[in-house]
>>> print(open('model_24.txt').read())   # compact mmCIF, C-alpha atoms and all ligand atoms
# COMPACT_ATOMS: atom_id res chain seq x y z
CA MET A 1 71.71 -29.91 -43.23
CA ALA A 2 69.95 -32.54 -41.20
CA THR A 3 66.75 -34.41 -40.50
CA VAL A 4 64.65 -33.49 -37.46
CA SER A 5 62.88 -36.30 -35.68
CA LEU A 6 60.29 -35.72 -32.98
CA GLN A 7 59.58 -38.95 -31.11
CA GLY A 8 56.70 -39.13 -28.64
CA VAL A 9 57.23 -35.49 -27.72
CA ARG A 10 55.08 -34.29 -24.86
CA LYS A 11 54.85 -31.02 -22.98
CA ASP A 12 52.83 -30.39 -19.84
CA PHE A 13 52.58 -27.02 -18.16
CA GLY A 14 51.42 -28.13 -14.70
CA SER A 15 48.35 -30.27 -15.30
CA HIS A 16 47.79 -28.77 -18.76
CA THR A 17 49.05 -30.96 -21.61
CA VAL A 18 50.03 -28.63 -24.44
CA ILE A 19 51.73 -31.19 -26.72
CA ALA A 20 50.51 -34.77 -26.48
CA ASP A 21 52.90 -37.55 -27.55
CA LEU A 22 53.61 -36.10 -30.95
CA ASP A 23 55.66 -37.85 -33.67
CA LEU A 24 57.01 -36.01 -36.70
CA GLU A 25 59.83 -36.76 -39.13
CA ILE A 26 61.23 -33.81 -41.08
CA CYS A 27 63.47 -34.68 -44.03
CA ASP A 28 66.87 -33.26 -44.80
CA GLY A 29 66.38 -29.96 -46.65
CA GLU A 30 62.61 -29.95 -46.21
CA PHE A 31 60.65 -26.75 -45.48
CA VAL A 32 57.85 -27.63 -43.07
CA ALA A 33 55.20 -25.16 -41.93
CA LEU A 34 53.46 -25.72 -38.61
CA VAL A 35 50.01 -24.15 -38.73
CA GLY A 36 46.95 -24.14 -36.52
CA PRO A 37 44.83 -21.77 -34.49
CA SER A 38 46.28 -19.68 -31.70
CA GLY A 39 47.11 -21.75 -28.63
CA CYS A 40 47.37 -25.12 -30.42
CA GLY A 41 51.03 -25.50 -29.38
CA LYS A 42 53.00 -24.46 -32.49
CA SER A 43 55.41 -22.13 -30.69
CA THR A 44 55.85 -24.53 -27.81
CA LEU A 45 56.82 -27.28 -30.25
CA LEU A 46 59.26 -25.00 -32.07
CA ARG A 47 60.75 -23.85 -28.77
CA MET A 48 61.26 -27.48 -27.78
CA ILE A 49 63.17 -28.11 -31.03
CA ALA A 50 65.23 -25.00 -30.26
CA GLY A 51 65.92 -26.16 -26.70
CA LEU A 52 64.15 -23.15 -25.16
CA GLU A 53 61.52 -25.38 -23.58
CA GLU A 54 62.21 -28.70 -21.81
CA LEU A 55 60.41 -31.84 -22.91
CA THR A 56 58.13 -33.51 -20.38
CA SER A 57 58.83 -36.78 -22.22
CA GLY A 58 59.93 -38.06 -25.62
CA ALA A 59 63.02 -37.24 -27.66
CA ILE A 60 64.17 -34.82 -30.36
CA LEU A 61 66.88 -35.87 -32.80
CA ILE A 62 68.72 -33.57 -35.18
CA GLY A 63 70.45 -35.80 -37.69
CA ASP A 64 71.42 -38.89 -35.71
CA GLU A 65 72.00 -36.99 -32.53
CA ASP A 66 69.57 -36.93 -29.60
CA VAL A 67 69.57 -33.23 -28.64
CA SER A 68 66.75 -33.48 -26.05
CA GLU A 69 69.07 -32.64 -23.15
CA LYS A 70 71.27 -30.16 -25.02
CA LEU A 71 71.39 -26.41 -24.54
CA PRO A 72 70.12 -24.27 -27.45
CA LYS A 73 73.64 -23.14 -28.33
CA ASP A 74 74.78 -26.75 -28.71
CA ARG A 75 72.00 -27.80 -31.11
CA ASP A 76 73.36 -26.17 -34.27
CA ILE A 77 70.06 -24.45 -35.00
CA ALA A 78 69.27 -20.81 -35.76
CA MET A 79 65.99 -19.18 -34.88
CA VAL A 80 64.29 -16.18 -36.50
CA PHE A 81 61.61 -14.45 -34.41
CA GLN A 82 58.88 -11.96 -35.27
CA SER A 83 60.46 -9.40 -32.97
CA TYR A 84 63.73 -9.18 -34.81
CA ALA A 85 65.69 -9.26 -31.53
CA LEU A 86 68.50 -7.14 -33.01
CA TYR A 87 71.01 -5.36 -30.77
CA PRO A 88 70.05 -1.67 -31.23
CA HIS A 89 73.49 -0.26 -30.38
CA MET A 90 75.32 -2.44 -32.92
CA SER A 91 75.69 -1.99 -36.68
CA VAL A 92 74.12 -4.49 -39.05
CA ARG A 93 77.57 -6.02 -39.58
CA ASP A 94 78.11 -6.44 -35.83
CA ASN A 95 74.61 -7.85 -35.35
CA MET A 96 75.30 -10.44 -38.02
CA SER A 97 78.79 -11.34 -36.83
CA PHE A 98 78.03 -11.43 -33.09
CA ALA A 99 77.39 -15.16 -32.80
CA LEU A 100 80.46 -15.98 -34.87
CA LYS A 101 82.67 -13.79 -32.66
CA LEU A 102 81.31 -15.62 -29.61
CA ARG A 103 82.46 -18.83 -31.24
CA ASN A 104 85.94 -17.32 -31.68
CA GLN A 105 85.92 -17.69 -35.44
CA ALA A 106 88.77 -16.05 -37.33
CA PRO A 107 87.97 -12.44 -38.39
CA GLY A 108 88.61 -13.27 -42.05
CA GLN A 109 86.07 -16.11 -41.92
CA ILE A 110 83.54 -13.90 -40.13
CA ASP A 111 83.86 -11.16 -42.75
CA GLU A 112 83.45 -13.68 -45.52
CA ALA A 113 80.31 -15.21 -43.97
CA VAL A 114 78.74 -11.80 -43.24
CA ASN A 115 79.52 -10.42 -46.69
CA ARG A 116 78.08 -13.51 -48.38
CA ALA A 117 74.88 -13.39 -46.27
CA ALA A 118 74.55 -9.64 -46.88
CA GLU A 119 74.83 -10.25 -50.61
CA ILE A 120 72.19 -12.99 -50.59
CA LEU A 121 69.84 -10.73 -48.63
CA GLY A 122 70.58 -7.46 -50.46
CA LEU A 123 72.03 -5.87 -47.32
CA THR A 124 75.55 -5.06 -48.51
CA GLU A 125 75.01 -1.29 -48.58
CA TYR A 126 73.42 -1.28 -45.12
CA LEU A 127 76.13 -3.13 -43.21
CA GLU A 128 77.37 -0.09 -41.31
CA ARG A 129 73.88 1.18 -40.35
CA ARG A 130 72.16 0.73 -37.00
CA PRO A 131 68.83 -1.16 -36.87
CA LYS A 132 66.92 2.08 -36.13
CA ASP A 133 67.97 3.41 -39.54
CA LEU A 134 66.42 0.45 -41.39
CA SER A 135 62.89 -0.33 -42.55
CA GLY A 136 60.92 -3.22 -41.02
CA GLY A 137 61.69 -5.47 -43.97
CA GLN A 138 65.41 -4.68 -43.81
CA ARG A 139 65.47 -5.42 -40.08
CA GLN A 140 63.83 -8.76 -40.70
CA ARG A 141 66.48 -9.46 -43.34
CA VAL A 142 69.20 -8.69 -40.81
CA ALA A 143 67.56 -11.15 -38.41
CA MET A 144 67.67 -13.75 -41.19
CA GLY A 145 71.25 -12.77 -42.00
CA ARG A 146 72.21 -13.45 -38.42
CA ALA A 147 70.75 -16.94 -38.79
CA ILE A 148 72.38 -17.62 -42.17
CA VAL A 149 75.95 -16.68 -41.21
CA ARG A 150 76.06 -19.53 -38.74
CA SER A 151 75.31 -22.12 -41.45
CA PRO A 152 73.16 -24.05 -38.99
CA LYS A 153 71.78 -27.52 -39.59
CA VAL A 154 68.21 -26.26 -39.08
CA PHE A 155 66.40 -22.93 -39.35
CA LEU A 156 63.51 -22.36 -36.97
CA PHE A 157 61.14 -19.52 -37.85
CA ASP A 158 58.58 -18.28 -35.31
CA GLU A 159 56.04 -16.14 -37.19
CA PRO A 160 58.91 -14.07 -38.63
CA LEU A 161 56.74 -11.94 -40.95
CA SER A 162 53.74 -11.19 -38.77
CA ASN A 163 55.01 -7.75 -37.70
CA LEU A 164 55.32 -6.55 -41.29
CA ASP A 165 52.59 -4.79 -43.28
CA ALA A 166 50.65 -6.86 -45.81
CA LYS A 167 52.62 -5.81 -48.89
CA LEU A 168 56.02 -6.29 -47.31
CA ARG A 169 54.94 -9.66 -45.95
CA ILE A 170 54.35 -10.86 -49.51
CA THR A 171 57.77 -9.60 -50.64
CA MET A 172 59.54 -11.17 -47.67
CA ARG A 173 57.63 -14.41 -48.17
CA ALA A 174 59.21 -14.67 -51.61
CA GLU A 175 62.62 -13.83 -50.13
CA VAL A 176 62.38 -16.63 -47.59
CA ILE A 177 61.38 -19.07 -50.36
CA LYS A 178 64.33 -17.97 -52.52
CA LEU A 179 66.64 -18.25 -49.54
CA HIS A 180 65.48 -21.78 -48.95
CA GLN A 181 65.94 -22.64 -52.62
CA ALA A 182 69.50 -21.31 -52.44
CA LEU A 183 70.56 -22.83 -49.12
CA LYS A 184 68.30 -25.90 -48.87
CA THR A 185 68.60 -25.82 -45.09
CA THR A 186 66.02 -27.92 -43.22
CA SER A 187 63.46 -25.39 -41.99
CA VAL A 188 60.55 -25.42 -39.56
CA TYR A 189 58.31 -22.39 -39.96
CA VAL A 190 55.53 -21.55 -37.49
CA THR A 191 52.71 -19.39 -38.75
CA HIS A 192 49.02 -18.84 -38.08
CA ASP A 193 48.72 -17.59 -41.66
CA GLN A 194 47.69 -20.47 -43.87
CA VAL A 195 48.46 -18.52 -47.06
CA GLU A 196 52.08 -18.24 -45.95
CA ALA A 197 52.14 -21.95 -45.24
CA MET A 198 50.51 -22.82 -48.58
CA THR A 199 52.91 -20.73 -50.63
CA MET A 200 56.16 -21.45 -48.80
CA ALA A 201 56.16 -24.96 -47.47
CA ASP A 202 57.07 -28.31 -49.01
CA ARG A 203 54.79 -29.77 -46.37
CA ILE A 204 52.19 -28.34 -44.02
CA VAL A 205 51.57 -29.83 -40.59
CA VAL A 206 48.15 -28.75 -39.30
CA MET A 207 48.05 -28.81 -35.51
CA ARG A 208 45.01 -28.90 -33.29
CA ALA A 209 45.11 -28.91 -29.49
CA GLY A 210 48.69 -30.16 -29.30
CA GLN A 211 48.32 -32.93 -31.86
CA ILE A 212 48.85 -33.30 -35.58
CA GLU A 213 45.48 -33.18 -37.32
CA GLN A 214 46.89 -33.73 -40.82
CA SER A 215 50.20 -33.36 -42.59
CA GLY A 216 50.86 -33.25 -46.31
CA ARG A 217 51.79 -31.25 -49.37
CA PRO A 218 49.91 -27.93 -49.48
CA LEU A 219 47.70 -28.72 -52.46
CA ASP A 220 46.97 -32.24 -51.18
CA LEU A 221 45.64 -30.72 -47.96
CA TYR A 222 43.62 -28.25 -49.99
CA ASP A 223 42.16 -30.90 -52.29
CA TYR A 224 41.75 -33.72 -49.75
CA PRO A 225 41.32 -32.37 -46.24
CA ASN A 226 40.80 -35.26 -43.83
CA SER A 227 38.51 -33.37 -41.51
CA VAL A 228 36.20 -30.37 -41.34
CA PHE A 229 38.84 -28.70 -39.19
CA VAL A 230 41.51 -28.90 -41.91
CA ALA A 231 38.96 -28.11 -44.64
CA GLN A 232 38.08 -24.87 -42.93
CA PHE A 233 41.61 -24.00 -41.85
CA ILE A 234 43.26 -24.38 -45.26
CA GLY A 235 42.01 -22.11 -48.03
CA THR A 236 40.80 -18.52 -48.31
CA PRO A 237 37.92 -17.83 -48.55
CA THR A 238 36.88 -20.58 -46.15
CA MET A 239 35.19 -23.72 -47.46
CA ASN A 240 31.38 -23.71 -47.14
CA ILE A 241 30.19 -26.47 -44.79
CA LEU A 242 26.56 -27.55 -45.19
CA GLU A 243 24.40 -29.96 -43.26
CA GLY A 244 23.26 -32.81 -45.44
CA GLU A 245 21.55 -36.16 -45.17
CA VAL A 246 21.40 -39.28 -47.29
CA ARG A 247 18.08 -41.09 -47.64
CA ASP A 248 17.38 -43.81 -50.20
CA GLY A 249 20.44 -43.09 -52.33
CA ARG A 250 19.82 -39.35 -52.52
CA LEU A 251 21.95 -36.68 -50.89
CA ASN A 252 19.72 -33.85 -49.63
CA LEU A 253 21.16 -30.38 -49.12
CA PHE A 254 19.80 -26.92 -48.25
CA ASP A 255 16.94 -28.22 -46.10
CA GLY A 256 15.78 -30.42 -48.96
CA ALA A 257 15.86 -27.71 -51.65
CA LEU A 258 18.35 -29.90 -53.55
CA ALA A 259 18.60 -33.69 -53.89
CA MET A 260 21.44 -35.31 -55.82
CA ASP A 261 22.91 -38.75 -56.38
CA ALA A 262 24.48 -39.95 -53.12
CA GLN A 263 27.08 -41.93 -55.12
CA GLY A 264 27.30 -44.82 -52.68
CA LEU A 265 27.12 -42.85 -49.43
CA PRO A 266 25.25 -44.74 -46.69
CA ASP A 267 22.06 -43.31 -45.16
CA GLY A 268 22.70 -40.81 -42.37
CA ASP A 269 23.66 -37.28 -41.45
CA LEU A 270 26.66 -35.65 -43.10
CA LEU A 271 28.56 -32.43 -43.32
CA VAL A 272 29.20 -31.45 -46.91
CA GLY A 273 31.98 -29.04 -47.87
CA ILE A 274 32.27 -27.02 -51.03
CA ARG A 275 34.96 -24.51 -51.87
CA PRO A 276 33.60 -21.07 -52.85
CA GLU A 277 35.40 -21.22 -56.23
CA HIS A 278 33.46 -24.35 -57.09
CA VAL A 279 30.08 -22.62 -56.78
CA LYS A 280 29.08 -20.78 -59.96
CA ILE A 281 26.42 -18.18 -60.48
CA VAL A 282 24.77 -19.15 -63.76
CA ALA A 283 22.43 -17.47 -66.18
CA GLY A 284 18.75 -18.13 -66.90
CA ASP A 285 17.18 -21.20 -65.37
CA GLN A 286 20.31 -23.35 -65.49
CA GLY A 287 22.06 -24.56 -62.34
CA LEU A 288 21.05 -26.78 -59.46
CA VAL A 289 19.39 -24.47 -56.99
CA GLU A 290 18.00 -20.99 -56.56
CA GLY A 291 19.53 -18.49 -54.14
CA THR A 292 19.34 -14.84 -53.16
CA ILE A 293 22.31 -12.53 -53.28
CA GLU A 294 23.16 -11.00 -49.91
CA LEU A 295 26.47 -9.25 -50.59
CA VAL A 296 28.78 -8.71 -53.56
CA GLU A 297 32.45 -7.89 -52.89
CA PRO A 298 34.35 -7.07 -56.10
CA MET A 299 38.12 -7.21 -55.61
CA GLY A 300 39.16 -6.53 -59.19
CA ASN A 301 40.75 -9.86 -60.01
CA GLU A 302 37.88 -11.80 -58.46
CA THR A 303 34.50 -11.28 -56.88
CA MET A 304 33.21 -12.76 -53.62
CA THR A 305 29.47 -13.21 -53.43
CA SER A 306 27.50 -14.21 -50.35
CA CYS A 307 24.22 -15.92 -51.18
CA LYS A 308 21.45 -17.59 -49.24
CA ILE A 309 19.52 -20.65 -50.24
CA GLY A 310 16.47 -20.37 -48.02
CA GLN A 311 18.11 -19.60 -44.69
CA ILE A 312 21.42 -21.30 -45.54
CA PRO A 313 24.43 -19.16 -46.44
CA LEU A 314 26.69 -20.10 -49.35
CA GLN A 315 29.79 -18.20 -50.45
CA THR A 316 31.00 -18.12 -54.02
CA CYS A 317 34.09 -16.61 -55.53
CA GLY A 318 35.33 -16.40 -59.07
CA THR A 319 36.94 -14.24 -61.70
CA ASP A 320 33.60 -13.40 -63.37
CA ARG A 321 32.24 -10.00 -62.39
CA VAL A 322 28.81 -10.14 -60.76
CA ALA A 323 26.26 -7.64 -62.05
CA ALA A 324 23.38 -8.81 -59.82
CA ARG A 325 22.54 -6.67 -56.77
CA PRO A 326 21.76 -7.74 -53.20
CA GLY A 327 18.25 -9.16 -53.02
CA ALA A 328 18.36 -10.52 -56.59
CA SER A 329 17.47 -14.15 -57.26
CA VAL A 330 20.19 -16.16 -58.96
CA ARG A 331 20.76 -19.76 -60.02
CA LEU A 332 23.74 -21.52 -58.49
CA ASP A 333 25.61 -24.52 -59.84
CA PHE A 334 28.36 -26.91 -58.75
CA ASP A 335 29.59 -30.40 -59.60
CA ARG A 336 28.83 -33.36 -57.39
CA GLU A 337 32.57 -34.25 -57.73
CA SER A 338 33.63 -31.02 -56.06
CA LEU A 339 31.86 -31.90 -52.80
CA HIS A 340 33.87 -32.95 -49.73
CA VAL A 341 31.80 -35.25 -47.54
CA PHE A 342 32.38 -35.63 -43.79
CA ASP A 343 30.69 -37.73 -41.12
CA ALA A 344 28.43 -35.39 -39.12
CA ARG A 345 29.46 -36.90 -35.77
CA THR A 346 33.23 -37.38 -36.16
CA GLU A 347 33.70 -34.57 -38.71
CA MET A 348 36.15 -36.87 -40.53
CA ARG A 349 36.17 -37.32 -44.30
CA VAL A 350 34.07 -40.10 -45.80
CA GLN A 351 34.23 -39.11 -49.49
P1 LIG A 401 50.54 -21.28 -30.46
O1 LIG A 401 51.96 -20.99 -30.81
O2 LIG A 401 49.95 -22.36 -31.32
O3 LIG A 401 49.66 -20.06 -30.43
P2 LIG A 401 51.59 -21.86 -27.85
O4 LIG A 401 52.57 -22.95 -28.08
O5 LIG A 401 52.13 -20.47 -27.67
O6 LIG A 401 50.49 -21.88 -29.00
O7 LIG A 401 50.73 -22.20 -26.56
C1 LIG A 401 50.05 -23.42 -26.41
C2 LIG A 401 49.39 -23.48 -25.07
O8 LIG A 401 50.38 -23.55 -24.06
C3 LIG A 401 48.53 -22.27 -24.73
O9 LIG A 401 47.37 -22.74 -24.08
C4 LIG A 401 49.41 -21.47 -23.80
O10 LIG A 401 48.62 -20.75 -22.90
C5 LIG A 401 50.18 -22.55 -23.09
N1 LIG A 401 51.52 -22.11 -22.64
C6 LIG A 401 52.52 -21.71 -23.45
N2 LIG A 401 53.60 -21.39 -22.71
C7 LIG A 401 53.27 -21.56 -21.40
C8 LIG A 401 53.96 -21.42 -20.14
N3 LIG A 401 55.22 -21.00 -20.10
N4 LIG A 401 53.27 -21.72 -19.03
C9 LIG A 401 52.00 -22.17 -19.07
N5 LIG A 401 51.30 -22.34 -20.22
C10 LIG A 401 51.91 -22.04 -21.37
>>> encode(input="model_24.txt", output="structure tokens", more="lines below")
Ligand code: ADP
Amino acid sequence: MATVSLQGVRKDFGSHTVIADLDLEICDGEFVALVGPSGCGKSTLLRMIAGLEELTSGAILIGDEDVSEKLPKDRDIAMVFQSYALYPHMSVRDNMSFALKLRNQAPGQIDEAVNRAAEILGLTEYLERRPKDLSGGQRQRVAMGRAIVRSPKVFLFDEPLSNLDAKLRITMRAEVIKLHQALKTTSVYVTHDQVEAMTMADRIVVMRAGQIEQSGRPLDLYDYPNSVFVAQFIGTPTMNILEGEVRDGRLNLFDGALAMDAQGLPDGDLLVGIRPEHVKIVAGDQGLVEGTIELVEPMGNETMTSCKIGQIPLQTCGTDRVAARPGASVRLDFDRESLHVFDARTEMRVQ
């Protein structure tokens, strides 16, 4: 196991800066997820850690060692890709032992490492099969097995589950978590799927245009996003973002249909976030504001409801079933404390 230290890492492709002077310290044994929209530089950063992409400037340390100039094979890392990259003509056993044979390890040691990895991953009975005779999930396990047998200092995962169907992805997600709990190998996991990041990672690093927008424990990012960008990236369904303004100690929302205590916010324009689960549809004439139901989406365990307050959309979700039909008037309620307040110009958190 080892720490990974990214120091002033920069990557230019021609005149295009893809990673801009990025610093990140990953602890020994930590599982870090890199998330962000497509094109923000996640894969490029991971490939730089792997040694598959040269740095334009800066340094990468694994443990105490500066590996910036080292070839991938000399970095003691193992990478798992979304395309499993298995050798089709080799058995599962040979796929898993290939790298160890290249290193001239003793056959007894190789067998031991492969058998142990196969046991951890539930692949023992498939060791003599070819990849074509395995399911997608089993192939992905073989790809992970190939990484495990090498006992690397660091695992690098590049969207490893995105080729799997939704159900299998959830199963494999749990397998990767259990694997990490068993091996405690420092791991960097790239995904565009924030649910994967939330459920798997010790820490999420949200990237935006080649820079770190915010980094923290999953629920801290969920509860205290620093910016509108993070607020809307983390959490499903997406946080509602409303235009608001403070005048004379009152916070006005929904084009003035609602005014509440500004609780110390200075006068000016704001963006106000509220998570759908914090908006409640309430009975009778209770609640803060009146809305119209646009769409009800029952999912069994919870119901998503799209409402409009005047012309302004507001999403709610909750475990209560919603009997009201589209077009019906409803009362909506939420706590002032559940609001996330951002500066309208900088889109950064103010409260
Ligand atoms: P992500 O993994 O977040 O989707 P990438 O790291 O793949 O993002 O890409 C980041 C940016 O770098 C994109 O704009 C992409 O077009 C660009 N890029 C990636 N690889 C190359 C390359 N080899 N040559 C030129 N541009 C590249």
>>> residues_around(input="model_24.txt", residues="Pro88 in chain A", least_positions_apart="6", cutoff="8 Å", atoms="only C-alpha atoms", output="VMD selection string")
chain A and resid 130 to 132
>>> closest_residue(input="model_24.txt", among="A:Ala209, A:Ala33, A:Leu265, A:Leu314", to="ligand LIG 401 (chain A)", atoms="only C-alpha atoms and all ligand atoms")
A:Ala209
>>> residues_near_ligand(input="model_24.txt", ligand="ligand LIG 401 (chain A)", cutoff="6 Å", atoms="all atoms listed in the file", output="PyMOL selection string")
chain A and resi 13+18+38-44
>>> closest_residue(input="model_24.txt", among="A:Val279, A:Thr3, A:Leu123, A:Glu290", to="Thr305 in chain A", atoms="all atoms listed in the file")
A:Val279
>>> atom_distance(input="model_24.txt", atom1="CA of Met207 in chain A", atom2="CA of Phe229 in chain A")
9.9 Å
>>> closest_residue(input="model_24.txt", among="A:Glu196, A:Gly264, A:Gln211, A:Ala85", to="Thr17 in chain A", atoms="only C-alpha atoms")
A:Gln211
>>> closest_residue(input="model_24.txt", among="A:Glu297, A:Asp202, A:Glu128, A:Asp320", to="Val188 in chain A", atoms="only C-alpha atoms")
A:Asp202
>>> closest_residue(input="model_24.txt", among="A:Leu332, A:Ile26, A:Ala143, A:Arg150", to="Arg103 in chain A", atoms="all atoms listed in the file")
A:Arg150
>>> axis_aligned_box(input="model_24.txt", around="range 190-204 of chain A", padding_each_side="8 Å", output="JSON")
{"center_x": 52.4, "center_y": -23.7, "center_z": -44.1, "size_x": 25.4, "size_y": 28.2, "size_z": 29.1}
>>> closest_residue(input="model_24.txt", among="A:Ile204, A:Ala20, A:Lys101, A:Gln315", to="Thr303 in chain A", atoms="all atoms listed in the file")
A:Gln315
>>> atom_distance(input="model_24.txt", atom1="CA of Phe334 in chain A", atom2="CA of Cys317 in chain A")
12.2 Å
>>> atom_distance(input="model_24.txt", atom1="CA of Asp158 in chain A", atom2="CA of Leu179 in chain A")
16.4 Å
>>> residues_around(input="model_24.txt", residues="Asp248 in chain A", least_positions_apart="2", cutoff="10 Å", atoms="all atoms listed in the file", output="list in words")
Val246, Arg250, Leu251, Asp261, Ala262, Leu265, Pro266, Asp267 and Gly268 of chain A
>>> residues_around(input="model_24.txt", residues="Val67 in chain A", least_positions_apart="6", cutoff="10 Å", atoms="all atoms listed in the file", output="PyMOL selection string")
chain A and resi 49-51+59-61+74-76
>>> build_atoms(input="model_24.txt", residues="range 286-301 of chain A", atoms="N, CA and C atoms", output="CSV table (one decimal), in the frame of the given file")
chain,number,residue,atom,x,y,z
A,286,GLN,N,19.4,-22.3,-65.7
A,286,GLN,CA,20.3,-23.4,-65.5
A,286,GLN,C,20.7,-23.5,-64.0
A,287,GLY,N,21.6,-24.4,-63.7
A,287,GLY,CA,22.1,-24.6,-62.3
A,287,GLY,C,21.2,-25.5,-61.5
A,288,LEU,N,21.7,-25.8,-60.3
A,288,LEU,CA,21.0,-26.8,-59.5
A,288,LEU,C,20.0,-26.2,-58.5
A,289,VAL,N,20.2,-25.0,-58.1
A,289,VAL,CA,19.4,-24.5,-57.0
A,289,VAL,C,19.3,-22.9,-57.1
A,290,GLU,N,18.2,-22.4,-56.5
A,290,GLU,CA,18.0,-21.0,-56.6
A,290,GLU,C,18.4,-20.4,-55.2
A,291,GLY,N,19.1,-19.2,-55.3
A,291,GLY,CA,19.5,-18.5,-54.1
A,291,GLY,C,19.3,-17.0,-54.3
A,292,THR,N,19.5,-16.3,-53.2
A,292,THR,CA,19.3,-14.8,-53.2
A,292,THR,C,20.7,-14.2,-52.8
A,293,ILE,N,21.0,-13.2,-53.6
A,293,ILE,CA,22.3,-12.5,-53.3
A,293,ILE,C,22.2,-11.7,-52.0
A,294,GLU,N,23.1,-11.8,-51.1
A,294,GLU,CA,23.2,-11.0,-49.9
A,294,GLU,C,24.2,-9.9,-50.0
A,295,LEU,N,25.4,-10.2,-50.6
A,295,LEU,CA,26.5,-9.2,-50.6
A,295,LEU,C,27.4,-9.6,-51.8
A,296,VAL,N,27.8,-8.5,-52.5
A,296,VAL,CA,28.8,-8.7,-53.6
A,296,VAL,C,30.0,-7.9,-53.2
A,297,GLU,N,31.2,-8.6,-53.2
A,297,GLU,CA,32.4,-7.9,-52.9
A,297,GLU,C,33.4,-8.0,-54.1
A,298,PRO,N,33.4,-7.0,-55.0
A,298,PRO,CA,34.4,-7.1,-56.1
A,298,PRO,C,35.8,-6.7,-55.6
A,299,MET,N,36.7,-7.5,-56.0
A,299,MET,CA,38.1,-7.2,-55.6
A,299,MET,C,39.0,-6.9,-56.8
A,300,GLY,N,38.4,-6.8,-58.0
A,300,GLY,CA,39.2,-6.5,-59.2
A,300,GLY,C,39.5,-7.8,-59.9
A,301,ASN,N,40.4,-8.6,-59.3
A,301,ASN,CA,40.8,-9.9,-60.0
A,301,ASN,C,39.7,-10.9,-59.8
